[in-house]
Amino acid sequence: MSEQPLHDGANRDENTMLVVAIDGPAGSGKSTIAKKLAIELGIEYLDTGAMYRAVTFAVLRGGCDPEDSTRVASLARSVDLSVNGDGTVTVDGVDATTEIRGPEVTRAVSTVAANPEVRTELVSRQREWTRRRGGGVLEGRDIGTVVFPDAALKVYLTARPEVRAARRAKEVTDLDYDTVAADLARRDAVDSGRQHDPLRRADGAIEVDTSDLTIDEIITVLVSELR
Ligand code: DC
C-alpha cells in the first residue's frame, strides 16, 4: 500500500521514534487496525490490554483477590510477562494465550486495571518496550493520554454499541450476544469511570467511527494522517 517506508526502525533514537497510539473501547476495532497499520508502517505492534489481562491471569492463578490492591500491585511488579506480536502471551513462563481471553479474566480485568500501582508498572513496561524497538503501534485505553501523549499519530476509535457487541460475540463463541453486550457495557462503565487514567479521547487524537468503514478504508485514513 505505501510506496515508501515511513520508518527506519532500529535506526531511530528516543526523540525520533515513530509511535502510533490507538485507544478506544472494547470492540471498536483497535486490534485489527493496530496490527494492520503496524505491518503497513513496518513497525511492531503491542496489545496493552493483553498485559492487563496477563497480570489478571497471574492474580487469579496465585489465588489472590483482585480487590486486594497491595498484593495485586506487588504481583504486577514481579510478574514476568511476554506479550508477543503473534498474539501469544506467557506469564511466568506459562502459556496464557487462551486463558487471558476467558470469562474469569475478562470479569476481573477492569478491577486489576483500575489499580494505580498496576498502571504505573505496566505504563513503564510499555514505554521500555517501545524504546527498545525505536517505536511501535500501541493499542489500549490510555496510550494517547498517558503512555505517549506526544505520539506522532493519536487515534480514538469508536463504533456503535451493537456493532461492538456483535464483533465481540463473534470472537467469544461460547457466550451469547446478550451476555457479551452486558459485559461490554459493564466494562465500558468501569474503564471510563475509573479514577486513574480513564478511557477518553486524547487531545489531538483523530476520532474514527469504524461501524460502517472497511479495514482498508480506515488504514488509508490513518496512513494519510501520518504523512
Ligand atoms: O482491550 P482489552 O479488552 O483486552 O483490555 C482489557 C482490559 O484492560 C480493559 O477492560 C481495560 C484495560 N486496559 C486499560 O485499562 N488500559 C490499557 N492501556 C489497555 C487495557
# chains A, B, ... in the order shown; residues from 1 in each chain; ligands from 1

$ residues_around --residues "Gly140 of chain A" --least-positions-apart "6" --cutoff "7 Å" --atoms "only C-alpha atoms" --output "compact mmCIF listing (two decimals) with all heavy atoms, in the first residue's frame"
# COMPACT_ATOMS: atom_id res chain seq x y z
N ILE A 22 -3.27 4.05 19.69
CA ILE A 22 -4.65 3.75 19.29
C ILE A 22 -5.46 3.38 20.54
O ILE A 22 -5.14 2.40 21.23
CB ILE A 22 -4.70 2.60 18.26
CG1 ILE A 22 -3.87 3.00 17.03
CG2 ILE A 22 -6.15 2.28 17.89
CD1 ILE A 22 -4.04 2.10 15.84
N ASP A 23 -6.45 4.20 20.86
CA ASP A 23 -7.29 3.94 22.02
C ASP A 23 -8.75 3.80 21.60
O ASP A 23 -9.14 4.23 20.50
CB ASP A 23 -7.17 5.11 23.02
CG ASP A 23 -5.79 5.19 23.64
OD1 ASP A 23 -5.36 4.18 24.24
OD2 ASP A 23 -5.12 6.24 23.52
N GLY A 24 -9.53 3.24 22.51
CA GLY A 24 -10.96 3.11 22.24
C GLY A 24 -11.54 1.99 23.08
O GLY A 24 -10.79 1.21 23.67
N ASP A 47 -0.27 -5.00 22.11
CA ASP A 47 -1.63 -5.03 22.66
C ASP A 47 -1.50 -4.85 24.18
O ASP A 47 -1.21 -5.80 24.91
CB ASP A 47 -2.25 -6.40 22.31
CG ASP A 47 -3.60 -6.63 22.96
OD1 ASP A 47 -4.08 -5.74 23.68
OD2 ASP A 47 -4.17 -7.73 22.75
N THR A 48 -1.71 -3.62 24.66
CA THR A 48 -1.50 -3.37 26.10
C THR A 48 -2.63 -3.96 26.94
O THR A 48 -2.43 -4.26 28.12
CB THR A 48 -1.35 -1.86 26.40
OG1 THR A 48 -2.59 -1.19 26.11
CG2 THR A 48 -0.23 -1.23 25.61
N GLY A 49 -3.81 -4.16 26.33
CA GLY A 49 -4.90 -4.83 27.05
C GLY A 49 -4.48 -6.25 27.44
O GLY A 49 -4.84 -6.74 28.52

$ select_by_dssp --residues "chain A" --states "helix (DSSP H, G or I)" --output "short mmCIF file (atom, residue, chain, number, x, y, z; two decimals) with N, CA, C and O atoms, in the first residue's frame"
data_model
loop_
_atom_site.label_atom_id
_atom_site.label_comp_id
_atom_site.auth_asym_id
_atom_site.auth_seq_id
_atom_site.Cartn_x
_atom_site.Cartn_y
_atom_site.Cartn_z
N GLY A 9 12.93 2.00 11.56
CA GLY A 9 13.02 1.10 12.71
C GLY A 9 14.15 1.40 13.66
O GLY A 9 14.21 2.45 14.27
N ALA A 10 15.05 0.44 13.81
CA ALA A 10 16.05 0.49 14.87
C ALA A 10 17.01 1.67 14.75
O ALA A 10 17.72 1.99 15.70
N ASN A 11 17.04 2.34 13.59
CA ASN A 11 17.97 3.46 13.46
C ASN A 11 17.49 4.72 14.18
O ASN A 11 18.22 5.67 14.30
N GLU A 14 15.39 7.87 20.75
CA GLU A 14 14.19 8.16 21.53
C GLU A 14 13.42 9.37 21.02
O GLU A 14 12.20 9.41 21.08
N ASN A 15 14.14 10.38 20.51
CA ASN A 15 13.47 11.61 20.08
C ASN A 15 12.81 11.48 18.71
O ASN A 15 11.99 12.31 18.35
N THR A 16 13.21 10.49 17.94
CA THR A 16 12.64 10.36 16.60
C THR A 16 11.85 9.06 16.43
O THR A 16 11.56 8.66 15.32
N LYS A 30 -9.77 -1.81 17.55
CA LYS A 30 -8.38 -1.44 17.84
C LYS A 30 -7.36 -2.48 17.38
O LYS A 30 -6.40 -2.14 16.69
N SER A 31 -7.57 -3.74 17.78
CA SER A 31 -6.54 -4.75 17.49
C SER A 31 -6.38 -4.97 15.99
O SER A 31 -5.26 -5.00 15.48
N THR A 32 -7.49 -5.10 15.30
CA THR A 32 -7.43 -5.33 13.85
C THR A 32 -6.70 -4.19 13.16
O THR A 32 -5.81 -4.41 12.33
N ILE A 33 -7.07 -2.96 13.51
CA ILE A 33 -6.49 -1.79 12.87
C ILE A 33 -5.02 -1.63 13.27
O ILE A 33 -4.15 -1.36 12.42
N ALA A 34 -4.74 -1.80 14.55
CA ALA A 34 -3.37 -1.60 15.03
C ALA A 34 -2.41 -2.60 14.37
O ALA A 34 -1.31 -2.23 13.94
N LYS A 35 -2.84 -3.86 14.27
CA LYS A 35 -1.97 -4.89 13.66
C LYS A 35 -1.69 -4.56 12.21
O LYS A 35 -0.55 -4.62 11.74
N LYS A 36 -2.74 -4.21 11.49
CA LYS A 36 -2.60 -3.94 10.05
C LYS A 36 -1.76 -2.68 9.82
O LYS A 36 -0.91 -2.63 8.93
N LEU A 37 -1.98 -1.67 10.65
CA LEU A 37 -1.22 -0.43 10.50
C LEU A 37 0.26 -0.67 10.79
O LEU A 37 1.14 -0.14 10.10
N ALA A 38 0.54 -1.50 11.78
CA ALA A 38 1.94 -1.80 12.13
C ALA A 38 2.64 -2.47 10.94
O ALA A 38 3.78 -2.12 10.61
N ILE A 39 1.96 -3.39 10.28
CA ILE A 39 2.55 -4.06 9.11
C ILE A 39 2.80 -3.02 8.02
O ILE A 39 3.87 -2.95 7.43
N GLU A 40 1.79 -2.18 7.80
CA GLU A 40 1.88 -1.14 6.78
C GLU A 40 3.09 -0.22 7.01
O GLU A 40 3.77 0.20 6.09
N LEU A 41 3.34 0.10 8.28
CA LEU A 41 4.41 1.04 8.63
C LEU A 41 5.75 0.33 8.85
O LEU A 41 6.78 1.00 9.04
N THR A 48 -1.71 -3.62 24.66
CA THR A 48 -1.50 -3.37 26.10
C THR A 48 -2.63 -3.96 26.94
O THR A 48 -2.43 -4.26 28.12
N GLY A 49 -3.81 -4.16 26.33
CA GLY A 49 -4.90 -4.83 27.05
C GLY A 49 -4.48 -6.25 27.44
O GLY A 49 -4.84 -6.74 28.52
N ALA A 50 -3.70 -6.90 26.57
CA ALA A 50 -3.22 -8.25 26.88
C ALA A 50 -2.31 -8.23 28.11
O ALA A 50 -2.26 -9.21 28.87
N MET A 51 -1.60 -7.11 28.33
CA MET A 51 -0.74 -7.02 29.51
C MET A 51 -1.60 -6.95 30.79
O MET A 51 -1.29 -7.60 31.79
N TYR A 52 -2.69 -6.14 30.75
CA TYR A 52 -3.58 -6.08 31.92
C TYR A 52 -4.26 -7.44 32.14
O TYR A 52 -4.45 -7.88 33.27
N ARG A 53 -4.59 -8.10 31.04
CA ARG A 53 -5.19 -9.44 31.16
C ARG A 53 -4.18 -10.43 31.73
O ARG A 53 -4.53 -11.30 32.53
N ALA A 54 -2.92 -10.32 31.31
CA ALA A 54 -1.89 -11.24 31.78
C ALA A 54 -1.65 -11.07 33.29
O ALA A 54 -1.50 -12.06 34.02
N VAL A 55 -1.64 -9.83 33.76
CA VAL A 55 -1.48 -9.61 35.21
C VAL A 55 -2.70 -10.21 35.94
O VAL A 55 -2.56 -10.86 36.98
N THR A 56 -3.88 -10.03 35.37
CA THR A 56 -5.10 -10.57 35.98
C THR A 56 -5.04 -12.09 36.05
O THR A 56 -5.41 -12.71 37.06
N PHE A 57 -4.51 -12.70 35.00
CA PHE A 57 -4.32 -14.16 34.98
C PHE A 57 -3.40 -14.57 36.14
O PHE A 57 -3.68 -15.52 36.87
N ALA A 58 -2.29 -13.83 36.31
CA ALA A 58 -1.35 -14.14 37.39
C ALA A 58 -2.01 -13.99 38.76
O ALA A 58 -1.79 -14.79 39.67
N VAL A 59 -2.86 -12.98 38.89
CA VAL A 59 -3.57 -12.72 40.15
C VAL A 59 -4.48 -13.91 40.49
O VAL A 59 -4.45 -14.46 41.59
N LEU A 60 -5.28 -14.33 39.51
CA LEU A 60 -6.23 -15.42 39.74
C LEU A 60 -5.49 -16.74 39.96
O LEU A 60 -5.86 -17.53 40.84
N ARG A 61 -4.44 -16.95 39.21
CA ARG A 61 -3.67 -18.19 39.31
C ARG A 61 -3.00 -18.30 40.68
O ARG A 61 -2.85 -19.38 41.24
N SER A 69 -5.55 -4.64 46.67
CA SER A 69 -4.70 -3.79 45.82
C SER A 69 -3.21 -3.91 46.14
O SER A 69 -2.38 -3.84 45.24
N THR A 70 -2.86 -4.11 47.40
CA THR A 70 -1.44 -4.19 47.76
C THR A 70 -0.80 -5.45 47.17
O THR A 70 0.25 -5.40 46.53
N ARG A 71 -1.48 -6.59 47.34
CA ARG A 71 -0.93 -7.86 46.80
C ARG A 71 -0.92 -7.84 45.27
O ARG A 71 0.02 -8.31 44.63
N VAL A 72 -1.98 -7.28 44.69
CA VAL A 72 -2.06 -7.23 43.22
C VAL A 72 -0.93 -6.37 42.68
O VAL A 72 -0.27 -6.74 41.70
N ALA A 73 -0.68 -5.24 43.33
CA ALA A 73 0.38 -4.34 42.86
C ALA A 73 1.74 -5.01 42.96
O ALA A 73 2.56 -4.91 42.04
N SER A 74 1.97 -5.72 44.04
CA SER A 74 3.28 -6.35 44.19
C SER A 74 3.45 -7.48 43.18
O SER A 74 4.53 -7.66 42.60
N LEU A 75 2.36 -8.18 42.89
CA LEU A 75 2.42 -9.22 41.86
C LEU A 75 2.71 -8.62 40.48
O LEU A 75 3.50 -9.15 39.70
N ALA A 76 2.08 -7.46 40.19
CA ALA A 76 2.30 -6.82 38.89
C ALA A 76 3.77 -6.43 38.71
O ALA A 76 4.31 -6.51 37.61
N ARG A 77 4.41 -6.02 39.81
CA ARG A 77 5.81 -5.60 39.71
C ARG A 77 6.75 -6.79 39.51
O ARG A 77 7.79 -6.66 38.90
N SER A 78 6.35 -7.96 40.03
CA SER A 78 7.29 -9.08 39.98
C SER A 78 7.02 -10.05 38.82
O SER A 78 7.89 -10.85 38.49
N GLU A 99 -6.29 -18.51 28.12
CA GLU A 99 -6.93 -18.14 29.40
C GLU A 99 -7.13 -16.64 29.56
O GLU A 99 -8.09 -16.21 30.16
N ILE A 100 -6.22 -15.82 29.01
CA ILE A 100 -6.39 -14.37 29.22
C ILE A 100 -7.64 -13.83 28.52
O ILE A 100 -8.10 -12.74 28.83
N ARG A 101 -8.17 -14.59 27.55
CA ARG A 101 -9.40 -14.16 26.85
C ARG A 101 -10.64 -14.81 27.46
O ARG A 101 -11.75 -14.57 26.99
N PRO A 103 -13.61 -16.11 30.36
CA PRO A 103 -14.57 -15.33 31.16
C PRO A 103 -14.04 -14.90 32.54
O PRO A 103 -14.36 -13.81 33.00
N GLU A 104 -13.21 -15.74 33.20
CA GLU A 104 -12.75 -15.38 34.55
C GLU A 104 -11.87 -14.14 34.49
O GLU A 104 -12.05 -13.19 35.25
N VAL A 105 -10.92 -14.14 33.55
CA VAL A 105 -10.01 -12.99 33.41
C VAL A 105 -10.81 -11.78 32.94
O VAL A 105 -10.64 -10.67 33.47
N THR A 106 -11.71 -11.97 31.98
CA THR A 106 -12.48 -10.84 31.45
C THR A 106 -13.33 -10.19 32.55
O THR A 106 -13.45 -8.97 32.60
N ARG A 107 -13.86 -11.01 33.46
CA ARG A 107 -14.66 -10.47 34.56
C ARG A 107 -13.81 -9.63 35.52
O ARG A 107 -14.26 -8.59 36.00
N ALA A 108 -12.58 -10.04 35.77
CA ALA A 108 -11.77 -9.40 36.82
C ALA A 108 -10.83 -8.31 36.30
O ALA A 108 -10.30 -7.52 37.08
N VAL A 109 -10.64 -8.24 34.97
CA VAL A 109 -9.56 -7.38 34.45
C VAL A 109 -9.79 -5.88 34.73
O VAL A 109 -8.83 -5.16 35.00
N SER A 110 -11.04 -5.42 34.72
CA SER A 110 -11.27 -3.99 34.95
C SER A 110 -10.87 -3.58 36.36
O SER A 110 -10.37 -2.48 36.58
N THR A 111 -11.08 -4.49 37.32
CA THR A 111 -10.68 -4.21 38.71
C THR A 111 -9.16 -4.09 38.80
O THR A 111 -8.62 -3.16 39.40
N VAL A 112 -8.46 -5.02 38.18
CA VAL A 112 -6.99 -5.00 38.21
C VAL A 112 -6.46 -3.76 37.48
O VAL A 112 -5.54 -3.08 37.95
N ALA A 113 -7.11 -3.42 36.35
CA ALA A 113 -6.65 -2.27 35.55
C ALA A 113 -6.97 -0.93 36.23
O ALA A 113 -6.41 0.10 35.85
N PRO A 116 -3.94 1.81 40.59
CA PRO A 116 -2.96 2.78 40.08
C PRO A 116 -1.52 2.26 40.04
O PRO A 116 -0.76 2.61 39.14
N GLU A 117 -1.18 1.39 41.00
CA GLU A 117 0.20 0.87 41.01
C GLU A 117 0.42 -0.14 39.87
O GLU A 117 1.52 -0.23 39.33
N VAL A 118 -0.62 -0.87 39.53
CA VAL A 118 -0.53 -1.77 38.38
C VAL A 118 -0.32 -0.93 37.13
O VAL A 118 0.53 -1.23 36.28
N ARG A 119 -1.05 0.17 37.03
CA ARG A 119 -0.95 1.04 35.84
C ARG A 119 0.45 1.63 35.73
O ARG A 119 1.04 1.65 34.65
N THR A 120 0.98 2.11 36.84
CA THR A 120 2.32 2.70 36.81
C THR A 120 3.34 1.68 36.29
O THR A 120 4.18 1.99 35.44
N GLU A 121 3.24 0.46 36.80
CA GLU A 121 4.18 -0.60 36.41
C GLU A 121 4.04 -0.93 34.91
O GLU A 121 5.02 -1.01 34.18
N LEU A 122 2.79 -1.10 34.46
CA LEU A 122 2.62 -1.51 33.06
C LEU A 122 2.94 -0.37 32.09
O LEU A 122 3.49 -0.60 31.02
N VAL A 123 2.63 0.87 32.47
CA VAL A 123 2.99 2.01 31.61
C VAL A 123 4.51 2.05 31.45
O VAL A 123 5.03 2.25 30.35
N SER A 124 5.22 1.82 32.53
CA SER A 124 6.67 1.85 32.43
C SER A 124 7.18 0.71 31.52
O SER A 124 8.07 0.90 30.70
N ARG A 125 6.59 -0.46 31.62
CA ARG A 125 7.00 -1.57 30.73
C ARG A 125 6.66 -1.26 29.26
O ARG A 125 7.39 -1.63 28.35
N GLN A 126 5.53 -0.60 29.07
CA GLN A 126 5.13 -0.26 27.68
C GLN A 126 6.10 0.75 27.06
O GLN A 126 6.47 0.65 25.89
N ARG A 127 6.52 1.73 27.87
CA ARG A 127 7.49 2.72 27.35
C ARG A 127 8.82 2.06 27.05
O ARG A 127 9.45 2.37 26.04
N GLU A 128 9.23 1.15 27.91
CA GLU A 128 10.50 0.44 27.72
C GLU A 128 10.43 -0.43 26.45
O GLU A 128 11.36 -0.46 25.64
N TRP A 129 9.33 -1.14 26.28
CA TRP A 129 9.11 -1.99 25.09
C TRP A 129 9.30 -1.13 23.84
O TRP A 129 9.96 -1.53 22.88
N THR A 130 8.70 0.05 23.85
CA THR A 130 8.70 0.93 22.67
C THR A 130 10.10 1.50 22.43
O THR A 130 10.57 1.56 21.29
N ARG A 131 10.75 1.91 23.50
CA ARG A 131 12.09 2.50 23.38
C ARG A 131 13.06 1.48 22.75
O ARG A 131 13.82 1.82 21.86
N ARG A 132 12.97 0.24 23.22
CA ARG A 132 13.88 -0.80 22.70
C ARG A 132 13.68 -1.05 21.21
O ARG A 132 14.59 -1.47 20.52
N ARG A 133 12.47 -0.82 20.73
CA ARG A 133 12.17 -1.09 19.31
C ARG A 133 12.21 0.15 18.45
O ARG A 133 11.94 0.08 17.26
N ILE A 143 -3.17 5.15 25.87
CA ILE A 143 -1.89 5.30 25.17
C ILE A 143 -1.68 6.77 24.78
O ILE A 143 -0.61 7.35 25.03
N GLY A 144 -2.71 7.40 24.19
CA GLY A 144 -2.57 8.80 23.77
C GLY A 144 -2.67 9.79 24.92
O GLY A 144 -2.18 10.91 24.82
N THR A 145 -3.31 9.39 26.01
CA THR A 145 -3.49 10.33 27.13
C THR A 145 -2.33 10.25 28.12
O THR A 145 -1.95 11.25 28.71
N VAL A 146 -1.77 9.05 28.32
CA VAL A 146 -0.79 8.85 29.40
C VAL A 146 0.55 8.29 28.90
O VAL A 146 1.61 8.82 29.21
N VAL A 147 0.48 7.19 28.15
CA VAL A 147 1.72 6.47 27.84
C VAL A 147 2.57 7.26 26.85
O VAL A 147 3.76 7.50 27.09
N PRO A 161 -22.61 0.77 19.87
CA PRO A 161 -22.58 -0.32 20.86
C PRO A 161 -23.00 -1.67 20.29
O PRO A 161 -22.36 -2.69 20.60
N GLU A 162 -24.02 -1.70 19.43
CA GLU A 162 -24.47 -3.01 18.93
C GLU A 162 -23.45 -3.60 17.96
O GLU A 162 -23.30 -4.83 17.87
N VAL A 163 -22.70 -2.75 17.27
CA VAL A 163 -21.65 -3.24 16.37
C VAL A 163 -20.51 -3.83 17.20
O VAL A 163 -19.98 -4.90 16.90
N ARG A 164 -20.14 -3.13 18.27
CA ARG A 164 -19.06 -3.61 19.13
C ARG A 164 -19.43 -4.94 19.77
O ARG A 164 -18.62 -5.87 19.84
N ALA A 165 -20.67 -5.05 20.27
CA ALA A 165 -21.09 -6.29 20.92
C ALA A 165 -21.13 -7.44 19.91
O ALA A 165 -20.71 -8.56 20.22
N ALA A 166 -21.56 -7.17 18.69
CA ALA A 166 -21.62 -8.22 17.67
C ALA A 166 -20.21 -8.71 17.33
O ALA A 166 -19.97 -9.90 17.17
N ARG A 167 -19.25 -7.78 17.25
CA ARG A 167 -17.86 -8.18 16.95
C ARG A 167 -17.31 -9.07 18.06
O ARG A 167 -16.68 -10.08 17.80
N ARG A 168 -17.53 -8.66 19.31
CA ARG A 168 -17.02 -9.45 20.44
C ARG A 168 -17.71 -10.81 20.51
O ARG A 168 -17.07 -11.82 20.80
N ALA A 169 -19.02 -10.83 20.25
CA ALA A 169 -19.77 -12.10 20.33
C ALA A 169 -19.23 -13.10 19.30
O ALA A 169 -19.20 -14.30 19.54
N LYS A 170 -18.77 -12.60 18.18
CA LYS A 170 -18.20 -13.45 17.13
C LYS A 170 -16.87 -14.06 17.60
O LYS A 170 -16.56 -15.20 17.29
N GLU A 171 -16.10 -13.26 18.37
CA GLU A 171 -14.80 -13.74 18.86
C GLU A 171 -14.95 -14.80 19.96
O GLU A 171 -14.23 -15.79 19.98
N TYR A 177 -24.98 -13.33 22.56
CA TYR A 177 -24.88 -11.90 22.28
C TYR A 177 -25.23 -11.05 23.51
O TYR A 177 -24.53 -10.10 23.86
N ASP A 178 -26.36 -11.41 24.20
CA ASP A 178 -26.82 -10.59 25.33
C ASP A 178 -25.80 -10.55 26.46
O ASP A 178 -25.57 -9.51 27.08
N THR A 179 -25.16 -11.71 26.71
CA THR A 179 -24.16 -11.77 27.77
C THR A 179 -22.97 -10.89 27.41
O THR A 179 -22.46 -10.13 28.23
N VAL A 180 -22.54 -10.99 26.14
CA VAL A 180 -21.39 -10.20 25.69
C VAL A 180 -21.73 -8.70 25.75
O VAL A 180 -20.93 -7.89 26.23
N ALA A 181 -22.94 -8.34 25.30
CA ALA A 181 -23.33 -6.92 25.29
C ALA A 181 -23.37 -6.37 26.71
O ALA A 181 -22.91 -5.25 26.96
N ALA A 182 -23.89 -7.17 27.66
CA ALA A 182 -23.97 -6.71 29.05
C ALA A 182 -22.56 -6.55 29.63
O ALA A 182 -22.27 -5.57 30.34
N ASP A 183 -21.68 -7.49 29.31
CA ASP A 183 -20.31 -7.40 29.84
C ASP A 183 -19.57 -6.19 29.26
O ASP A 183 -18.83 -5.51 29.97
N LEU A 184 -19.79 -5.93 27.98
CA LEU A 184 -19.15 -4.75 27.35
C LEU A 184 -19.61 -3.47 28.02
O LEU A 184 -18.80 -2.59 28.33
N ALA A 185 -20.93 -3.37 28.27
CA ALA A 185 -21.49 -2.16 28.88
C ALA A 185 -20.90 -1.98 30.28
O ALA A 185 -20.54 -0.87 30.69
N ARG A 186 -20.76 -3.08 31.00
CA ARG A 186 -20.19 -3.01 32.36
C ARG A 186 -18.74 -2.55 32.30
O ARG A 186 -18.31 -1.64 33.02
N ARG A 187 -17.95 -3.14 31.38
CA ARG A 187 -16.53 -2.77 31.29
C ARG A 187 -16.35 -1.34 30.80
O ARG A 187 -15.47 -0.61 31.25
N ASP A 188 -17.20 -0.91 29.86
CA ASP A 188 -17.16 0.48 29.39
C ASP A 188 -17.30 1.43 30.58
O ASP A 188 -16.57 2.41 30.71
N ALA A 189 -18.30 1.11 31.44
CA ALA A 189 -18.59 1.99 32.58
C ALA A 189 -17.38 2.04 33.53
O ALA A 189 -16.97 3.11 33.98
N VAL A 190 -16.79 0.87 33.81
CA VAL A 190 -15.65 0.84 34.75
C VAL A 190 -14.43 1.53 34.11
O VAL A 190 -13.78 2.37 34.74
N ASP A 191 -14.14 1.21 32.85
CA ASP A 191 -12.93 1.76 32.21
C ASP A 191 -13.03 3.28 32.01
O ASP A 191 -12.03 3.98 32.09
N SER A 192 -14.24 3.77 31.74
CA SER A 192 -14.39 5.21 31.50
C SER A 192 -14.60 5.98 32.80
O SER A 192 -14.32 7.17 32.87
N GLY A 193 -15.11 5.28 33.83
CA GLY A 193 -15.45 5.97 35.07
C GLY A 193 -14.39 5.87 36.14
O GLY A 193 -14.50 6.49 37.19
N ILE A 215 -11.72 -2.13 6.82
CA ILE A 215 -10.38 -2.01 7.43
C ILE A 215 -9.48 -1.19 6.51
O ILE A 215 -8.77 -0.28 6.96
N ASP A 216 -9.52 -1.49 5.21
CA ASP A 216 -8.65 -0.77 4.28
C ASP A 216 -8.96 0.72 4.24
O ASP A 216 -8.05 1.55 4.13
N GLU A 217 -10.23 1.07 4.33
CA GLU A 217 -10.60 2.50 4.33
C GLU A 217 -10.01 3.20 5.55
O GLU A 217 -9.47 4.31 5.46
N ILE A 218 -10.08 2.52 6.69
CA ILE A 218 -9.55 3.13 7.92
C ILE A 218 -8.03 3.28 7.84
O ILE A 218 -7.47 4.32 8.18
N ILE A 219 -7.36 2.22 7.34
CA ILE A 219 -5.89 2.28 7.23
C ILE A 219 -5.48 3.42 6.30
O ILE A 219 -4.53 4.16 6.59
N THR A 220 -6.20 3.59 5.21
CA THR A 220 -5.89 4.68 4.27
C THR A 220 -5.97 6.04 4.97
O THR A 220 -5.09 6.89 4.82
N VAL A 221 -7.02 6.23 5.77
CA VAL A 221 -7.19 7.50 6.50
C VAL A 221 -6.00 7.70 7.44
O VAL A 221 -5.40 8.78 7.48
N LEU A 222 -5.63 6.66 8.17
CA LEU A 222 -4.58 6.81 9.18
C LEU A 222 -3.21 7.05 8.55
O LEU A 222 -2.44 7.89 9.02
N VAL A 223 -2.92 6.31 7.48
CA VAL A 223 -1.62 6.50 6.82
C VAL A 223 -1.53 7.91 6.24
O VAL A 223 -0.50 8.57 6.35
N SER A 224 -2.63 8.40 5.70
CA SER A 224 -2.57 9.76 5.12
C SER A 224 -2.44 10.81 6.23
O SER A 224 -1.76 11.81 6.06
N GLU A 225 -3.03 10.57 7.38
CA GLU A 225 -2.85 11.48 8.53
C GLU A 225 -1.38 11.54 8.93
O GLU A 225 -0.85 12.59 9.25
N LEU A 226 -0.73 10.39 8.90
CA LEU A 226 0.67 10.30 9.32
C LEU A 226 1.60 11.00 8.34
O LEU A 226 2.57 11.64 8.73
#

$ residues_around --residues "Ala21 of chain A" --least-positions-apart "3" --cutoff "7 Å" --atoms "only C-alpha atoms" --output "list in words"
Val137, Leu138, Glu139, Ile143, Gly144, Ala151, Leu153, Lys154 and Val155 of chain A

$ write_last_selection --atoms "N, CA and C atoms" --output "short mmCIF file (atom, residue, chain, number, x, y, z; two decimals), in the first residue's frame"
data_model
loop_
_atom_site.label_atom_id
_atom_site.label_comp_id
_atom_site.auth_asym_id
_atom_site.auth_seq_id
_atom_site.Cartn_x
_atom_site.Cartn_y
_atom_site.Cartn_z
N VAL A 137 3.28 0.53 17.18
CA VAL A 137 1.86 0.85 17.25
C VAL A 137 1.34 0.23 18.54
N LEU A 138 0.85 1.07 19.44
CA LEU A 138 0.36 0.56 20.72
C LEU A 138 -1.14 0.79 20.82
N GLU A 139 -1.86 -0.23 21.23
CA GLU A 139 -3.31 -0.06 21.39
C GLU A 139 -3.71 -0.30 22.83
N ILE A 143 -3.17 5.15 25.87
CA ILE A 143 -1.89 5.30 25.17
C ILE A 143 -1.68 6.77 24.78
N GLY A 144 -2.71 7.40 24.19
CA GLY A 144 -2.57 8.80 23.77
C GLY A 144 -2.67 9.79 24.92
N ALA A 151 2.79 11.10 20.85
CA ALA A 151 2.85 10.17 19.71
C ALA A 151 2.66 10.91 18.39
N LEU A 153 1.03 9.99 15.88
CA LEU A 153 -0.38 9.90 15.49
C LEU A 153 -1.17 9.32 16.67
N LYS A 154 -2.24 10.03 17.05
CA LYS A 154 -3.11 9.53 18.11
C LYS A 154 -4.50 9.30 17.51
N VAL A 155 -5.03 8.11 17.77
CA VAL A 155 -6.28 7.72 17.15
C VAL A 155 -7.25 7.28 18.24
#

$ atom_distance --atom1 "atom CA of Ala114 of chain A" --atom2 "atom CA of Gly93 of chain A"
25.2 Å

$ residues_around --residues "Thr98 of chain A" --least-positions-apart "4" --cutoff "9 Å" --atoms "only C-alpha atoms" --output "PyMOL selection string"
chain A and resi 88-89+102

$ write_last_selection --atoms "N, CA and C atoms" --output "PDB file, in the first residue's frame"
ATOM      1  N   THR A  88       0.590 -14.573  21.091  1.00  0.00           N
ATOM      2  CA  THR A  88       0.806 -15.467  22.222  1.00  0.00           C
ATOM      3  C   THR A  88       1.268 -14.658  23.442  1.00  0.00           C
ATOM      4  N   VAL A  89       0.877 -15.165  24.595  1.00  0.00           N
ATOM      5  CA  VAL A  89       1.186 -14.473  25.850  1.00  0.00           C
ATOM      6  C   VAL A  89       1.686 -15.500  26.858  1.00  0.00           C
ATOM      7  N   GLY A 102     -10.459 -15.675  28.447  1.00  0.00           N
ATOM      8  CA  GLY A 102     -11.585 -16.422  29.022  1.00  0.00           C
ATOM      9  C   GLY A 102     -12.437 -15.567  29.946  1.00  0.00           C
TER      10      GLY A 102
END

$ residues_around --residues "Ser28 of chain A" --least-positions-apart "2" --cutoff "6 Å" --atoms "only C-alpha atoms" --output "PyMOL selection string"
chain A and resi 25-26+30+157-159+164

$ residues_around --residues "Ala152 of chain A" --least-positions-apart "4" --cutoff "7 Å" --atoms "only C-alpha atoms" --output "list in words"
Leu18, Val19 and Val20 of chain A

$ write_last_selection --atoms "N, CA, C and O atoms" --output "PDB file, in the first residue's frame"
ATOM      1  N   LEU A  18       8.970   6.465  15.990  1.00  0.00           N
ATOM      2  CA  LEU A  18       7.640   6.592  15.408  1.00  0.00           C
ATOM      3  C   LEU A  18       6.662   5.820  16.296  1.00  0.00           C
ATOM      4  O   LEU A  18       6.727   4.591  16.383  1.00  0.00           O
ATOM      5  N   VAL A  19       5.802   6.573  16.986  1.00  0.00           N
ATOM      6  CA  VAL A  19       4.825   5.936  17.873  1.00  0.00           C
ATOM      7  C   VAL A  19       3.422   6.282  17.409  1.00  0.00           C
ATOM      8  O   VAL A  19       3.110   7.448  17.169  1.00  0.00           O
ATOM      9  N   VAL A  20       2.599   5.254  17.266  1.00  0.00           N
ATOM     10  CA  VAL A  20       1.188   5.458  16.953  1.00  0.00           C
ATOM     11  C   VAL A  20       0.376   4.941  18.144  1.00  0.00           C
ATOM     12  O   VAL A  20       0.576   3.811  18.601  1.00  0.00           O
TER      13      VAL A  20
END

$ atom_distance --atom1 "atom 19 (C, counted along the ligand's line) of ligand 1" --atom2 "atom CA of Arg141 of chain A"
4.7 Å
